[in-house]
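Reproduced below: final-v2.txt, with compact mmCIF, C-alpha atoms and all ligand atoms.
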```
# COMPACT_ATOMS: atom_id res chain seq x y z
CA MET C 1 -35.88 -16.78 -24.35
CA ASN C 2 -36.05 -16.53 -20.55
CA LEU C 3 -35.41 -13.20 -18.91
CA PRO C 4 -32.98 -13.61 -15.95
CA ASP C 5 -35.76 -13.50 -13.33
CA THR C 6 -38.26 -15.66 -15.17
CA GLU C 7 -38.52 -19.30 -16.19
CA SER C 8 -40.73 -20.74 -18.93
CA TYR C 9 -43.45 -23.17 -17.83
CA VAL C 10 -45.70 -25.37 -19.93
CA LEU C 11 -48.61 -27.73 -19.35
CA SER C 12 -47.32 -31.20 -18.39
CA ALA C 13 -48.02 -34.00 -20.86
CA ASP C 14 -49.16 -36.12 -17.87
CA VAL C 15 -52.21 -34.00 -17.02
CA VAL C 16 -55.63 -35.66 -17.27
CA GLN C 17 -58.86 -33.63 -17.24
CA ASN C 18 -62.57 -34.40 -17.24
CA GLU C 19 -65.27 -31.75 -17.55
CA ILE C 20 -67.86 -32.20 -14.80
CA GLY C 21 -70.69 -29.64 -14.94
CA ASP C 22 -69.02 -26.25 -14.98
CA ARG C 23 -65.78 -27.50 -13.42
CA PHE C 24 -62.76 -29.46 -14.62
CA ALA C 25 -61.57 -32.45 -12.55
CA THR C 26 -57.81 -32.42 -12.98
CA TYR C 27 -55.02 -34.75 -11.91
CA HIS C 28 -51.50 -35.87 -12.76
CA ARG C 29 -51.42 -39.25 -14.48
CA LEU C 30 -48.49 -40.45 -12.37
CA LEU C 31 -48.74 -38.38 -9.20
CA GLY C 32 -52.52 -38.26 -8.68
CA GLY C 33 -53.67 -35.30 -6.54
CA LEU C 34 -57.17 -34.83 -7.98
CA PHE C 35 -58.61 -31.29 -7.72
CA PHE C 36 -61.22 -29.14 -9.45
CA LEU C 37 -60.68 -26.03 -11.56
CA ASP C 38 -63.38 -23.47 -12.25
CA ARG C 39 -63.63 -21.66 -15.63
CA TYR C 40 -61.12 -19.05 -14.60
CA GLY C 41 -58.60 -21.68 -13.44
CA GLN C 42 -59.15 -23.62 -16.65
CA GLU C 43 -58.41 -20.55 -18.78
CA LEU C 44 -55.20 -20.02 -16.84
CA LEU C 45 -54.20 -23.65 -17.39
CA GLU C 46 -55.03 -23.44 -21.10
CA ALA C 47 -52.73 -20.43 -21.43
CA TYR C 48 -49.82 -22.76 -20.70
CA ARG C 49 -50.43 -24.99 -23.71
CA THR C 50 -47.59 -22.99 -25.16
CA PRO C 51 -44.65 -22.00 -22.91
CA LYS C 52 -45.15 -18.90 -20.80
CA PRO C 53 -42.67 -17.14 -18.50
CA VAL C 54 -43.26 -17.20 -14.73
CA ARG C 55 -41.42 -14.87 -12.34
CA THR C 56 -39.01 -17.07 -10.34
CA ALA C 57 -39.71 -14.95 -7.24
CA LEU C 58 -43.30 -16.22 -7.38
CA LEU C 59 -42.20 -19.80 -6.70
CA SER C 60 -41.12 -19.08 -3.14
CA GLY C 61 -42.82 -15.77 -2.42
CA GLU C 62 -46.28 -14.71 -1.32
CA ALA C 63 -48.92 -14.64 -4.09
CA ARG C 64 -50.43 -11.20 -4.59
CA THR C 65 -53.32 -12.10 -6.87
CA ARG C 66 -55.60 -15.06 -7.51
CA GLU C 67 -53.76 -15.68 -10.78
CA GLU C 68 -50.45 -15.88 -8.94
CA GLU C 69 -51.88 -18.17 -6.28
CA LEU C 70 -53.33 -20.52 -8.89
CA THR C 71 -50.06 -20.56 -10.81
CA GLN C 72 -48.20 -21.49 -7.64
CA GLN C 73 -50.68 -24.32 -7.00
CA LEU C 74 -50.43 -25.67 -10.54
CA ILE C 75 -46.65 -25.69 -10.36
CA ALA C 76 -46.63 -27.33 -6.92
CA ARG C 77 -48.85 -30.12 -8.30
CA HIS C 78 -46.60 -30.58 -11.37
CA ILE C 79 -49.48 -29.61 -13.65
CA LEU C 80 -47.22 -26.89 -15.03
CA VAL C 81 -43.61 -27.93 -15.50
CA PRO C 82 -40.47 -26.01 -16.49
CA VAL C 83 -39.92 -26.24 -20.25
CA ARG C 84 -36.33 -27.44 -19.68
CA VAL C 85 -37.66 -30.42 -17.65
CA ARG C 86 -40.26 -31.36 -20.23
CA GLN C 87 -37.72 -31.11 -23.06
CA SER C 88 -35.13 -33.19 -21.25
CA ARG C 89 -37.72 -35.96 -20.77
CA SER C 90 -38.04 -37.07 -24.38
CA GLU C 91 -37.82 -40.70 -23.16
CA PRO C 92 -40.38 -41.79 -20.55
CA ALA C 93 -38.75 -42.08 -17.13
CA SER C 94 -37.98 -45.69 -16.30
CA LEU C 95 -40.04 -47.08 -13.43
CA GLU C 96 -38.19 -47.75 -10.23
CA LYS C 97 -38.66 -51.44 -9.61
CA LYS C 98 -37.89 -52.53 -6.09
CA VAL C 99 -39.16 -55.34 -3.92
CA ASN C 100 -40.92 -53.67 -1.00
CA ILE C 101 -43.84 -56.04 -0.58
CA ILE C 102 -43.72 -59.83 -0.51
CA GLN C 103 -47.05 -61.64 -0.72
CA LEU C 104 -47.27 -65.35 -0.03
CA ILE C 105 -50.37 -67.10 -1.40
CA LEU C 106 -50.38 -69.86 1.19
CA ALA C 107 -53.50 -71.74 0.10
CA ASN C 108 -55.49 -71.88 -3.11
CA ALA C 109 -58.44 -73.17 -1.15
CA CYS C 110 -60.96 -71.89 1.35
CA ASN C 111 -63.30 -73.04 4.11
CA PHE C 112 -65.86 -70.33 3.23
CA GLY C 113 -68.25 -70.01 0.32
CA CYS C 114 -68.45 -66.22 -0.13
CA THR C 115 -70.91 -65.58 -2.93
CA TYR C 116 -68.98 -62.67 -4.45
CA CYS C 117 -65.42 -63.95 -4.10
CA PHE C 118 -63.30 -63.05 -7.12
CA GLU C 119 -60.87 -65.84 -6.42
CA GLY C 120 -63.19 -68.72 -7.21
CA VAL C 121 -61.63 -70.86 -4.48
CA GLN C 122 -64.76 -71.13 -2.34
CA GLY C 123 -66.22 -74.56 -1.60
CA LYS C 124 -66.96 -76.09 -4.96
CA LYS C 125 -65.41 -78.41 -7.45
CA MET C 126 -62.91 -76.40 -9.38
CA SER C 127 -62.31 -76.37 -13.09
CA ALA C 128 -60.10 -73.87 -14.82
CA GLU C 129 -62.33 -73.99 -17.91
CA ASP C 130 -65.46 -73.03 -15.90
CA GLU C 131 -63.74 -70.14 -14.22
CA TYR C 132 -62.34 -68.78 -17.45
CA ASN C 133 -65.76 -68.86 -19.09
CA LYS C 134 -67.35 -67.18 -16.07
CA VAL C 135 -64.99 -64.22 -16.40
CA ASP C 136 -65.91 -63.92 -20.06
CA THR C 137 -69.65 -63.79 -19.29
CA SER C 138 -69.21 -61.12 -16.66
CA ARG C 139 -67.35 -59.00 -19.20
CA LEU C 140 -70.23 -59.30 -21.65
CA ILE C 141 -72.85 -58.24 -19.11
CA ALA C 142 -70.72 -55.31 -18.06
CA ARG C 143 -69.66 -54.16 -21.51
CA GLU C 144 -71.12 -50.67 -21.01
CA GLY C 145 -69.44 -50.30 -17.65
CA ILE C 146 -65.93 -51.30 -18.65
CA LYS C 147 -63.67 -48.31 -19.01
CA VAL C 148 -60.34 -50.14 -19.06
CA ASN C 149 -59.38 -53.09 -21.16
CA ILE C 150 -59.13 -56.08 -18.86
CA GLU C 151 -59.01 -58.50 -21.77
CA ASP C 152 -55.28 -59.07 -21.28
CA SER C 153 -55.35 -59.23 -17.50
CA ILE C 154 -53.28 -62.05 -16.03
CA TYR C 155 -56.15 -62.48 -13.57
CA ALA C 156 -58.48 -63.54 -16.37
CA SER C 157 -56.27 -65.93 -18.31
CA LYS C 158 -56.78 -69.67 -18.65
CA GLU C 159 -53.13 -70.18 -17.63
CA ARG C 160 -53.79 -68.38 -14.37
CA PHE C 161 -56.74 -70.65 -13.51
CA ASP C 162 -54.81 -73.75 -14.61
CA HIS C 163 -52.07 -72.91 -12.12
CA GLN C 164 -54.50 -71.96 -9.37
CA TYR C 165 -56.51 -75.19 -9.56
CA ASP C 166 -53.62 -77.55 -10.09
CA SER C 167 -53.67 -79.80 -7.01
CA LYS C 168 -49.91 -79.33 -6.68
CA ASN C 169 -50.51 -75.62 -6.06
CA ARG C 170 -53.24 -75.87 -3.41
CA SER C 171 -50.97 -75.41 -0.43
CA MET C 172 -47.49 -73.87 -0.13
CA LYS C 173 -45.06 -76.14 1.67
CA PRO C 174 -43.09 -74.63 4.58
CA ALA C 175 -39.77 -75.19 2.79
CA ASP C 176 -41.12 -73.45 -0.33
CA GLY C 177 -42.45 -70.51 1.68
CA ILE C 178 -39.06 -70.06 3.31
CA ALA C 179 -37.23 -70.40 -0.01
CA TYR C 180 -39.49 -67.79 -1.69
CA VAL C 181 -38.99 -65.30 1.12
CA GLU C 182 -35.23 -65.89 1.11
CA SER C 183 -34.96 -65.17 -2.59
CA ALA C 184 -37.30 -62.14 -2.43
CA LEU C 185 -35.26 -60.71 0.46
CA ALA C 186 -32.05 -61.29 -1.49
CA VAL C 187 -33.46 -59.25 -4.39
CA ALA C 188 -34.68 -56.53 -2.01
CA ARG C 189 -31.28 -56.36 -0.30
CA SER C 190 -29.42 -56.16 -3.61
CA GLU C 191 -31.53 -53.10 -4.47
CA GLY C 192 -30.70 -51.37 -1.19
CA VAL C 193 -34.16 -51.97 0.34
CA ARG C 194 -33.99 -52.04 4.13
CA GLU C 195 -37.63 -52.64 5.08
CA VAL C 196 -40.33 -54.83 3.54
CA MET C 197 -43.94 -55.82 4.18
CA LEU C 198 -44.56 -59.56 4.10
CA GLN C 199 -48.22 -60.43 3.67
CA PHE C 200 -49.87 -63.81 4.24
CA PHE C 201 -52.70 -64.18 1.73
CA GLY C 202 -54.86 -66.87 0.13
CA GLY C 203 -57.49 -68.33 -0.47
CA GLU C 204 -57.70 -68.60 3.27
CA PRO C 205 -54.10 -68.23 4.51
CA LEU C 206 -54.77 -69.80 7.92
CA LEU C 207 -55.62 -73.12 6.25
CA ASN C 208 -51.84 -73.25 5.99
CA TRP C 209 -50.80 -72.19 9.49
CA ARG C 210 -47.89 -74.61 9.33
CA THR C 211 -46.13 -72.54 6.66
CA ILE C 212 -47.05 -69.16 8.19
CA HIS C 213 -45.60 -70.32 11.50
CA ALA C 214 -42.45 -71.69 9.84
CA VAL C 215 -41.87 -68.35 8.05
CA LEU C 216 -42.42 -66.31 11.23
CA GLU C 217 -40.02 -68.51 13.21
CA ARG C 218 -37.38 -68.53 10.48
CA PHE C 219 -37.32 -64.79 9.69
CA GLY C 220 -38.65 -63.08 12.84
CA ASN C 221 -38.27 -59.32 12.51
CA GLY C 222 -35.70 -59.83 9.74
CA GLU C 223 -32.67 -58.79 11.78
CA SER C 224 -30.60 -61.79 10.68
CA GLU C 225 -31.40 -60.94 7.03
CA GLY C 226 -30.45 -57.27 7.23
CA VAL C 227 -33.98 -56.24 6.16
CA LYS C 228 -36.69 -55.19 8.62
CA ILE C 229 -39.80 -57.30 8.08
CA ASN C 230 -43.30 -56.00 8.90
CA TYR C 231 -46.00 -58.64 8.71
CA SER C 232 -49.68 -58.55 7.80
CA THR C 233 -52.38 -61.00 6.84
CA VAL C 234 -55.88 -60.89 5.34
CA THR C 235 -58.01 -63.68 6.75
CA ASN C 236 -61.63 -64.70 7.05
CA GLY C 237 -61.09 -64.87 10.83
CA SER C 238 -62.53 -68.35 11.36
CA LEU C 239 -59.30 -70.17 12.18
CA ILE C 240 -57.82 -67.92 14.85
CA THR C 241 -56.76 -70.17 17.70
CA GLU C 242 -54.94 -69.01 20.83
CA GLU C 243 -51.69 -70.31 19.32
CA VAL C 244 -52.27 -68.19 16.20
CA ALA C 245 -53.22 -65.05 18.14
CA GLU C 246 -50.20 -65.44 20.44
CA ALA C 247 -47.75 -65.83 17.54
CA PHE C 248 -49.34 -62.89 15.67
CA ALA C 249 -48.93 -60.75 18.78
CA LYS C 250 -45.32 -61.90 19.24
CA TYR C 251 -44.34 -61.06 15.63
CA GLN C 252 -46.61 -58.00 15.45
CA VAL C 253 -48.57 -59.32 12.50
CA ALA C 254 -51.27 -56.79 11.53
CA VAL C 255 -54.42 -58.87 11.16
CA CYS C 256 -57.02 -57.78 8.64
CA VAL C 257 -60.23 -59.74 9.27
CA SER C 258 -62.80 -59.76 6.48
CA PHE C 259 -66.31 -59.03 7.69
CA ASP C 260 -68.91 -57.12 5.68
CA SER C 261 -71.86 -56.65 8.00
CA PRO C 262 -73.43 -58.45 10.97
CA THR C 263 -76.55 -59.01 8.83
CA SER C 264 -74.97 -60.04 5.52
CA PRO C 265 -75.42 -63.67 4.45
CA SER C 266 -72.72 -63.37 1.74
CA ARG C 267 -69.86 -64.96 3.67
CA PRO C 268 -71.23 -68.36 4.69
CA LEU C 269 -69.12 -71.30 5.77
CA LYS C 270 -68.49 -73.87 3.07
CA ASN C 271 -71.45 -75.94 4.36
CA GLY C 272 -73.75 -72.92 4.02
CA ASP C 273 -73.97 -72.07 7.74
CA ASP C 274 -73.64 -68.53 9.04
CA SER C 275 -69.96 -67.75 9.70
CA THR C 276 -70.59 -64.81 12.05
CA PRO C 277 -70.36 -66.72 15.38
CA VAL C 278 -67.04 -68.34 14.54
CA VAL C 279 -65.55 -65.10 13.14
CA MET C 280 -66.66 -63.20 16.27
CA GLN C 281 -64.93 -65.84 18.36
CA GLY C 282 -61.75 -65.28 16.32
CA LEU C 283 -62.01 -61.51 16.75
CA ARG C 284 -62.44 -61.91 20.53
CA THR C 285 -59.36 -64.13 20.71
CA LEU C 286 -57.32 -61.53 18.82
CA GLN C 287 -58.63 -58.89 21.19
CA ARG C 288 -57.55 -60.92 24.22
CA PHE C 289 -54.01 -61.21 22.88
CA GLU C 290 -53.97 -57.48 22.05
CA ASN C 291 -53.34 -58.02 18.37
CA ARG C 292 -53.40 -55.16 15.86
CA VAL C 293 -56.69 -55.74 14.03
CA ALA C 294 -58.43 -54.02 11.12
CA ILE C 295 -61.69 -55.02 9.44
CA ASN C 296 -61.87 -55.59 5.69
CA ALA C 297 -65.39 -54.99 4.38
CA ALA C 298 -66.43 -55.58 0.77
CA LEU C 299 -69.00 -53.23 -0.77
CA THR C 300 -70.35 -55.37 -3.61
CA SER C 301 -73.69 -56.14 -5.26
CA ALA C 302 -74.03 -58.99 -2.76
CA THR C 303 -73.40 -56.85 0.34
CA TRP C 304 -75.15 -53.68 -0.86
CA ASP C 305 -78.29 -54.01 1.26
CA ASP C 306 -76.35 -54.76 4.44
CA PHE C 307 -73.48 -52.29 4.14
CA ASN C 308 -74.22 -49.69 6.80
CA ASN C 309 -73.13 -48.18 10.12
CA SER C 310 -73.29 -51.52 11.89
CA ILE C 311 -69.82 -52.40 10.57
CA VAL C 312 -68.46 -49.36 12.45
CA ASP C 313 -70.19 -50.47 15.67
CA LEU C 314 -68.69 -53.92 15.24
CA ALA C 315 -65.19 -52.46 14.73
CA VAL C 316 -65.53 -50.43 17.93
CA ASP C 317 -66.76 -53.53 19.77
CA VAL C 318 -63.72 -55.62 18.78
CA GLY C 319 -61.16 -52.82 19.21
CA ALA C 320 -60.42 -52.21 15.50
CA GLN C 321 -59.79 -48.59 14.57
CA GLU C 322 -59.69 -49.06 10.84
CA ILE C 323 -62.03 -50.54 8.25
CA GLY C 324 -60.62 -51.13 4.79
CA VAL C 325 -63.50 -51.03 2.30
CA VAL C 326 -62.91 -52.95 -0.91
CA VAL C 327 -65.34 -51.80 -3.56
CA ASP C 328 -66.43 -54.60 -5.89
CA PHE C 329 -63.90 -55.84 -8.44
CA ASP C 330 -66.74 -56.88 -10.72
CA PRO C 331 -67.44 -54.11 -13.31
CA THR C 332 -71.20 -54.92 -13.34
CA PHE C 333 -71.42 -53.38 -9.86
CA TYR C 334 -70.65 -49.91 -11.21
CA SER C 335 -73.04 -50.16 -14.15
CA ASN C 336 -75.83 -51.52 -11.91
CA TYR C 337 -75.61 -49.08 -9.00
CA GLY C 338 -74.03 -45.93 -10.50
CA ALA C 339 -71.22 -43.84 -9.07
CA GLN C 340 -73.44 -41.41 -7.13
CA ARG C 341 -75.29 -44.07 -5.15
CA ILE C 342 -72.08 -45.95 -4.39
CA VAL C 343 -70.36 -42.77 -3.16
CA ASP C 344 -73.40 -41.80 -1.05
CA ARG C 345 -73.57 -45.19 0.61
CA LEU C 346 -69.88 -45.24 1.35
CA TRP C 347 -69.83 -41.66 2.54
CA LYS C 348 -72.59 -42.14 5.13
CA VAL C 349 -70.53 -44.85 6.79
CA VAL C 350 -67.31 -42.78 6.54
CA GLU C 351 -69.05 -39.95 8.42
CA TYR C 352 -70.46 -42.25 11.08
CA GLY C 353 -66.99 -43.80 11.50
CA ARG C 354 -65.59 -40.34 12.23
CA THR C 355 -68.01 -39.87 15.10
CA ARG C 356 -66.85 -43.18 16.62
CA GLY C 357 -63.08 -42.87 16.02
CA VAL C 358 -62.97 -45.45 13.23
CA VAL C 359 -61.25 -44.59 9.94
CA LEU C 360 -62.55 -46.06 6.70
CA THR C 361 -59.87 -46.49 4.07
CA GLY C 362 -59.51 -48.04 0.64
CA TYR C 363 -58.13 -47.19 -2.77
CA TRP C 364 -60.92 -44.59 -3.11
CA HIS C 365 -59.81 -42.84 0.11
CA GLN C 366 -57.23 -40.41 -1.25
CA ILE C 367 -59.65 -39.19 -3.93
CA PHE C 368 -62.31 -38.47 -1.29
CA GLN C 369 -59.80 -36.59 0.89
CA VAL C 370 -58.91 -34.29 -1.99
CA MET C 371 -62.53 -33.66 -2.94
CA LEU C 372 -63.26 -32.66 0.63
CA GLY C 373 -60.35 -30.27 0.85
CA PHE C 374 -58.10 -32.30 3.16
CA ASP C 375 -55.35 -32.22 0.53
C1 LIG L 401 -60.03 -62.94 -1.56
S1 LIG L 401 -59.98 -62.72 0.15
C2 LIG L 401 -58.55 -63.69 0.63
C3 LIG L 401 -58.27 -63.65 2.10
C4 LIG L 401 -59.28 -64.32 3.03
N1 LIG L 401 -59.82 -65.52 2.55
C5 LIG L 401 -60.38 -63.35 3.37
O1 LIG L 401 -61.52 -63.54 3.01
O2 LIG L 401 -60.03 -62.35 4.02
C6 LIG L 401 -59.38 -61.05 0.35
C7 LIG L 401 -60.43 -59.97 0.40
O3 LIG L 401 -61.03 -59.83 -0.87
C8 LIG L 401 -62.39 -59.49 -0.69
N2 LIG L 401 -63.14 -59.82 -1.90
C9 LIG L 401 -63.41 -61.02 -2.42
N3 LIG L 401 -64.13 -60.91 -3.56
C10 LIG L 401 -64.34 -59.60 -3.76
C11 LIG L 401 -64.98 -58.83 -4.77
N4 LIG L 401 -65.59 -59.38 -5.79
N5 LIG L 401 -64.98 -57.49 -4.63
C12 LIG L 401 -64.37 -56.90 -3.60
N6 LIG L 401 -63.72 -57.55 -2.62
C13 LIG L 401 -63.69 -58.88 -2.70
C14 LIG L 401 -62.79 -60.34 0.50
O4 LIG L 401 -63.96 -59.84 1.13
C15 LIG L 401 -61.56 -60.25 1.37
O5 LIG L 401 -61.66 -59.16 2.26
S1 LIG L 402 -63.09 -66.33 2.78
FE1 LIG L 402 -61.85 -65.11 1.38
S2 LIG L 402 -61.02 -66.53 -0.15
FE2 LIG L 402 -62.63 -67.59 0.98
S3 LIG L 402 -64.40 -67.37 -0.30
FE3 LIG L 402 -64.45 -65.71 1.19
S4 LIG L 402 -63.38 -63.98 0.24
FE4 LIG L 402 -62.92 -65.81 -0.98
```
Is it possible to give me this structure as structure tokens?
Amino acid sequence: MNLPDTESYVLSADVVQNEIGDRFATYHRLLGGLFFLDRYGQELLEAYRTPKPVRTALLSGEARTREEELTQQLIARHILVPVRVRQSRSEPASLEKKVNIIQLILANACNFGCTYCFEGVQGKKMSAEDEYNKVDTSRLIAREGIKVNIEDSIYASKERFDHQYDSKNRSMKPADGIAYVESALAVARSEGVREVMLQFFGGEPLLNWRTIHAVLERFGNGESEGVKINYSTVTNGSLITEEVAEAFAKYQVAVCVSFDSPTSPSRPLKNGDDSTPVVMQGLRTLQRFENRVAINAALTSATWDDFNNSIVDLAVDVGAQEIGVVVDFDPTFYSNYGAQRIVDRLWKVVEYGRTRGVVLTGYWHQIFQVMLGFD
């Protein structure tokens, strides 16, 4: 039973731990927040496998000892939770499902032939059967490296490829784009959402400028719909005309241009030619119209040898302050190169970016921040 000035705490059922050397990497399954515990911290955590009282004054007051400080930290990170909370959560909390992001896949086609592209839309005859079999082979090669079961992924199903390669689904018509956004906004509004991100994606989205333009003109900043709309796009950068750059500036579309390295041959045009000159021209046009630009760089087996500081220099040159690094979606990458080498390569460029005012981000970013003590 609790004494009046104490409350019982227990280890949360959502805690995940991995022993690394003499430390324990620890995080909350739902909230993240990776950190390391030494032996002493681990013993303290273990003591909460059964409920233990904590002085309530400790929760807001100054910690007097290391044990108290650690306890405060573990509670703040929801690693230790009040027994009454854990008991009242016999059913898993239902996920809050709200429409905050709308993504339009404007074209299931592309004018590039990127060697590593996971979409399979790059310049070649398309067959759903071929693509499905290719995914299977890559799983076999990577069997050792696969930690999660992707067997059921919608991205790897025959149905998915059938839809993608159906000629009826190659290009989204303007009327369809507008209808999709209208219905997505109606759902968002009905859930009380007041601000959404609308992203133009592909294949290569700018192959379908007609529909992008129609959507921008129809919805503008979303005022008439009662929902603020922020726009973004991810593009290969080869189809940026003055008209496109002007409209993107007018509607404040954040433009993410994919570019891995000035020396990488992995993003050729469909006819095999180097795409760099035409992408640079696109980046310069965006710069002239003062668009908000970020670079999207892929760190994959194909770009490994060329992924270096030169991408930071390029970002500075074209006025981009952020580089989003997408680490390969193909599991063989991790088994071939190993976590340590991948982290080292990425980290060198992160550090160089800092010296030049360019931030490198990606889904790995938050984990790095925590490891480096910027939590
Ligand atoms: C699939 S493309 C679609 C948009 C547009 N065509 C472009 O290239 O920006 C989106 C992003 O995915 C990245 N990408 C493609 N295949 C990848 C892979 N296997 N691993 C990591 N990133 C990949 C591309 O480099 C690009 O930045
Ligand atoms: S430009 Fe984009 S969609 Fe086209 S092949 Fe390259 S990564 Fe894939």
Closest to C:Ala294 among C:Val279, C:Val257, C:Ile105, C:Leu206, using only C-alpha atoms?
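The closest residue to C:Ala294 is C:Val257.
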Identify which of the residues C:Trp304, C:Phe329, C:Tyr180, C:Tyr9 lies closest to C:Leu106, counting only C-alpha atoms when measuring atom-to-atom distances.
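Smallest separation from C:Leu106 among the options: C:Tyr180.
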Given the point (-35.5, -55.2, 12.3) in the coordinates of this file, which residues lie within 12 Å, counting all atoms listed in the file, and how would they look as a list in words?
Arg194, Glu195, Val196, Met197, Phe219, Gly220, Asn221, Gly222, Glu223, Ser224, Glu225, Gly226, Val227, Lys228, Ile229, Asn230, Tyr231, Tyr251 and Gln252 of chain C
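In this model, the gap between atom CA of C:Ile295 and atom CA of C:Tyr165 comes to 28.2 Å.
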C:Gly203 environment, 12 Å, only C-alpha atoms, sequence neighbours closer than 6 positions dropped, as a list in words
Leu104, Ile105, Leu106, Ala107, Asn108, Ala109, Cys110, Asn111, Phe112, Gly113, Cys114, Cys117, Phe118, Glu119, Gly120, Val121, Gln122, Gly123, Gln164, Tyr165, Asn169, Arg170, Ser171, Met172, Thr233, Val234, Thr235 and Asn236 of chain C
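Minimum distance to C:Thr285 across C:Glu243, C:Asp38, C:Glu62, C:Asp166 (counting all atoms listed in the file) occurs at C:Glu243.
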Rebuild N, CA and C atoms on stretch 230-245 of chain C, as a PDB file, keeping the file's coordinate frame?
```
ATOM      1  N   ASN C 230     -41.997 -56.272   8.272  1.00  0.00           N
ATOM      2  CA  ASN C 230     -43.300 -56.000   8.900  1.00  0.00           C
ATOM      3  C   ASN C 230     -44.270 -57.028   8.322  1.00  0.00           C
ATOM      4  N   TYR C 231     -45.095 -57.595   9.178  1.00  0.00           N
ATOM      5  CA  TYR C 231     -46.000 -58.640   8.710  1.00  0.00           C
ATOM      6  C   TYR C 231     -47.456 -58.171   8.694  1.00  0.00           C
ATOM      7  N   SER C 232     -48.226 -58.744   7.761  1.00  0.00           N
ATOM      8  CA  SER C 232     -49.680 -58.550   7.800  1.00  0.00           C
ATOM      9  C   SER C 232     -50.342 -59.775   7.186  1.00  0.00           C
ATOM     10  N   THR C 233     -51.625 -59.926   7.471  1.00  0.00           N
ATOM     11  CA  THR C 233     -52.380 -61.000   6.840  1.00  0.00           C
ATOM     12  C   THR C 233     -53.806 -60.538   6.575  1.00  0.00           C
ATOM     13  N   VAL C 234     -54.440 -61.104   5.570  1.00  0.00           N
ATOM     14  CA  VAL C 234     -55.880 -60.890   5.340  1.00  0.00           C
ATOM     15  C   VAL C 234     -56.525 -62.250   5.476  1.00  0.00           C
ATOM     16  N   THR C 235     -57.449 -62.365   6.420  1.00  0.00           N
ATOM     17  CA  THR C 235     -58.010 -63.680   6.750  1.00  0.00           C
ATOM     18  C   THR C 235     -59.514 -63.593   6.943  1.00  0.00           C
ATOM     19  N   ASN C 236     -60.183 -64.723   6.778  1.00  0.00           N
ATOM     20  CA  ASN C 236     -61.630 -64.700   7.050  1.00  0.00           C
ATOM     21  C   ASN C 236     -61.929 -64.779   8.546  1.00  0.00           C
ATOM     22  N   GLY C 237     -60.922 -64.973   9.375  1.00  0.00           N
ATOM     23  CA  GLY C 237     -61.090 -64.870  10.830  1.00  0.00           C
ATOM     24  C   GLY C 237     -61.654 -66.101  11.506  1.00  0.00           C
ATOM     25  N   SER C 238     -61.860 -67.179  10.760  1.00  0.00           N
ATOM     26  CA  SER C 238     -62.530 -68.350  11.360  1.00  0.00           C
ATOM     27  C   SER C 238     -61.564 -69.348  11.971  1.00  0.00           C
ATOM     28  N   LEU C 239     -60.266 -69.158  11.727  1.00  0.00           N
ATOM     29  CA  LEU C 239     -59.300 -70.170  12.180  1.00  0.00           C
ATOM     30  C   LEU C 239     -58.284 -69.589  13.152  1.00  0.00           C
ATOM     31  N   ILE C 240     -58.721 -68.574  13.895  1.00  0.00           N
ATOM     32  CA  ILE C 240     -57.820 -67.920  14.850  1.00  0.00           C
ATOM     33  C   ILE C 240     -57.859 -68.688  16.170  1.00  0.00           C
ATOM     34  N   THR C 241     -56.856 -69.468  16.411  1.00  0.00           N
ATOM     35  CA  THR C 241     -56.760 -70.170  17.700  1.00  0.00           C
ATOM     36  C   THR C 241     -55.910 -69.311  18.646  1.00  0.00           C
ATOM     37  N   GLU C 242     -55.794 -69.752  19.888  1.00  0.00           N
ATOM     38  CA  GLU C 242     -54.940 -69.010  20.830  1.00  0.00           C
ATOM     39  C   GLU C 242     -53.493 -69.049  20.356  1.00  0.00           C
ATOM     40  N   GLU C 243     -53.075 -70.193  19.822  1.00  0.00           N
ATOM     41  CA  GLU C 243     -51.690 -70.310  19.320  1.00  0.00           C
ATOM     42  C   GLU C 243     -51.431 -69.274  18.215  1.00  0.00           C
ATOM     43  N   VAL C 244     -52.409 -69.144  17.306  1.00  0.00           N
ATOM     44  CA  VAL C 244     -52.270 -68.190  16.200  1.00  0.00           C
ATOM     45  C   VAL C 244     -52.205 -66.755  16.741  1.00  0.00           C
ATOM     46  N   ALA C 245     -53.156 -66.420  17.616  1.00  0.00           N
ATOM     47  CA  ALA C 245     -53.220 -65.050  18.140  1.00  0.00           C
ATOM     48  C   ALA C 245     -51.932 -64.712  18.917  1.00  0.00           C
TER      49      ALA C 245
END
```
